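These notes concern the structure reproduced below.
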Amino acid sequence: MTTRTNRRSYDARQEIIDAILASRATSRILKKKSDIKRYLRQYFVNVPYEDIAGRNAEIMARVALDHLEFGTNRNRGEALLRIFNANEKEHGYTSAFTFVEMINDDMPFLVDSVAAAIKRQDLAVHITVHPIISVKRDNGGKLTAVTTTDNAEAYSESFISFAISRTTDEKILKALHKAIVKTLSDVRAAV
């Protein structure tokens, strides 16, 4: 790719991220707009242009904040996992995909291992988002702040979201959940 093409992709990607940061999305956890922007910036910092191009900025912000709210309570060493089909009433958006979302201690091999578990269920991964979010939690595991990455009191957590082929078959969803739980356990044991 030429330098000029790289620059155009970077500019287009930055425009999308700026639109996400400017969205009107709100959070039950983060009350200040500056805190929401900090989180959204961390969430989308490494998402490839191809995965965000052509998507609605308001919905992408809502998806990211919904992921954060899912992780309101988590203790170190605990892996949170949910597999769902988004609906307007519960999530504030709908999607053509089924979502697999996790929040875990940051460790190697998570994304590749879980993606392989999804593929073993004959489901395709269409979009992968894997930010490392700097958070503070109280002694009970309740999220109290999203901080800057250089905050010495913060703890890095792995937020992973896969948009996969949509399925509403409960047997498939249960089998996928079981396979991912086993995979996460295996990764933790290996690491």
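Each chain in the structure tokens gets a letter, A, B, ..., in the order shown, and its residues are numbered from 1; ligands are numbered from 1 in order too.
All residues of protein, DNA or RNA that reach within 9 Å of A:Ala53, judged by only C-alpha atoms and not counting those fewer than 3 positions away in the chain, are Ala12, Arg13, Ile16, Pro48, Tyr49, Glu50 and Asn56 of chain A.
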Please produce a file of those selected residues containing C-alpha atoms, as a tab-separated table (two decimals), in the first residue's frame.
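Wrote it out as part21.tsv, contents follow:
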chain	number	residue	atom	x	y	z
A	12	ALA	CA	-11.17	8.12	7.02
A	13	ARG	CA	-10.74	5.92	10.12
A	16	ILE	CA	-15.29	7.56	12.02
A	48	PRO	CA	-9.35	-1.88	11.63
A	49	TYR	CA	-10.93	0.62	9.27
A	50	GLU	CA	-12.68	-2.18	7.38
A	56	ASN	CA	-23.53	3.96	12.35
Return as a tab-separated table the residues of stretch 9-91 of chain A lying at most 7 Å from stretch 139-161 of chain A, together with the closest atom-to-atom pair for each and the distance in Å to one decimal, counting only C-alpha atoms, with rows in chain order and ascending residue number.
residue	atom	partner	partner_atom	distance
A:Asp35	CA	A:Val146	CA	6.8
A:Tyr39	CA	A:Val146	CA	6.3
A:Thr72	CA	A:Leu143	CA	5.3
A:Asn73	CA	A:Lys142	CA	4.5
A:Arg74	CA	A:Gly141	CA	4.9
A:Asn75	CA	A:Gly141	CA	4.7
Okay, now the selection with C-alpha atoms, as a short mmCIF file (atom, residue, chain, number, x, y, z; two decimals), in the first residue's frame?
data_model
loop_
_atom_site.label_atom_id
_atom_site.label_comp_id
_atom_site.auth_asym_id
_atom_site.auth_seq_id
_atom_site.Cartn_x
_atom_site.Cartn_y
_atom_site.Cartn_z
CA ASP A 35 -14.98 9.68 30.77
CA TYR A 39 -13.45 4.75 27.19
CA THR A 72 -19.94 -3.44 35.79
CA ASN A 73 -19.09 -6.14 38.36
CA ARG A 74 -16.10 -8.43 37.89
CA ASN A 75 -13.47 -9.77 40.26
#
I need the residue nearest A:Leu40 from this list: A:Leu184, A:Ile59, A:Ala64, A:Ala116. Use only C-alpha atoms for the distance. A:Ala64
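Picture a line from atom CA of A:Thr168 to atom CA of A:Asn87; it runs 12.5 Å.
Closest approach to A:Leu173 among A:Asp122, A:Asp105, A:Asp138, A:Glu88 is made by A:Asp122 (distances from only C-alpha atoms).
Comparing the minimum interatomic distances between A:Lys33 and each of A:Leu21, A:Leu176, A:Val191, A:Leu123, counting only C-alpha atoms, we find that A:Leu21 sits nearest.
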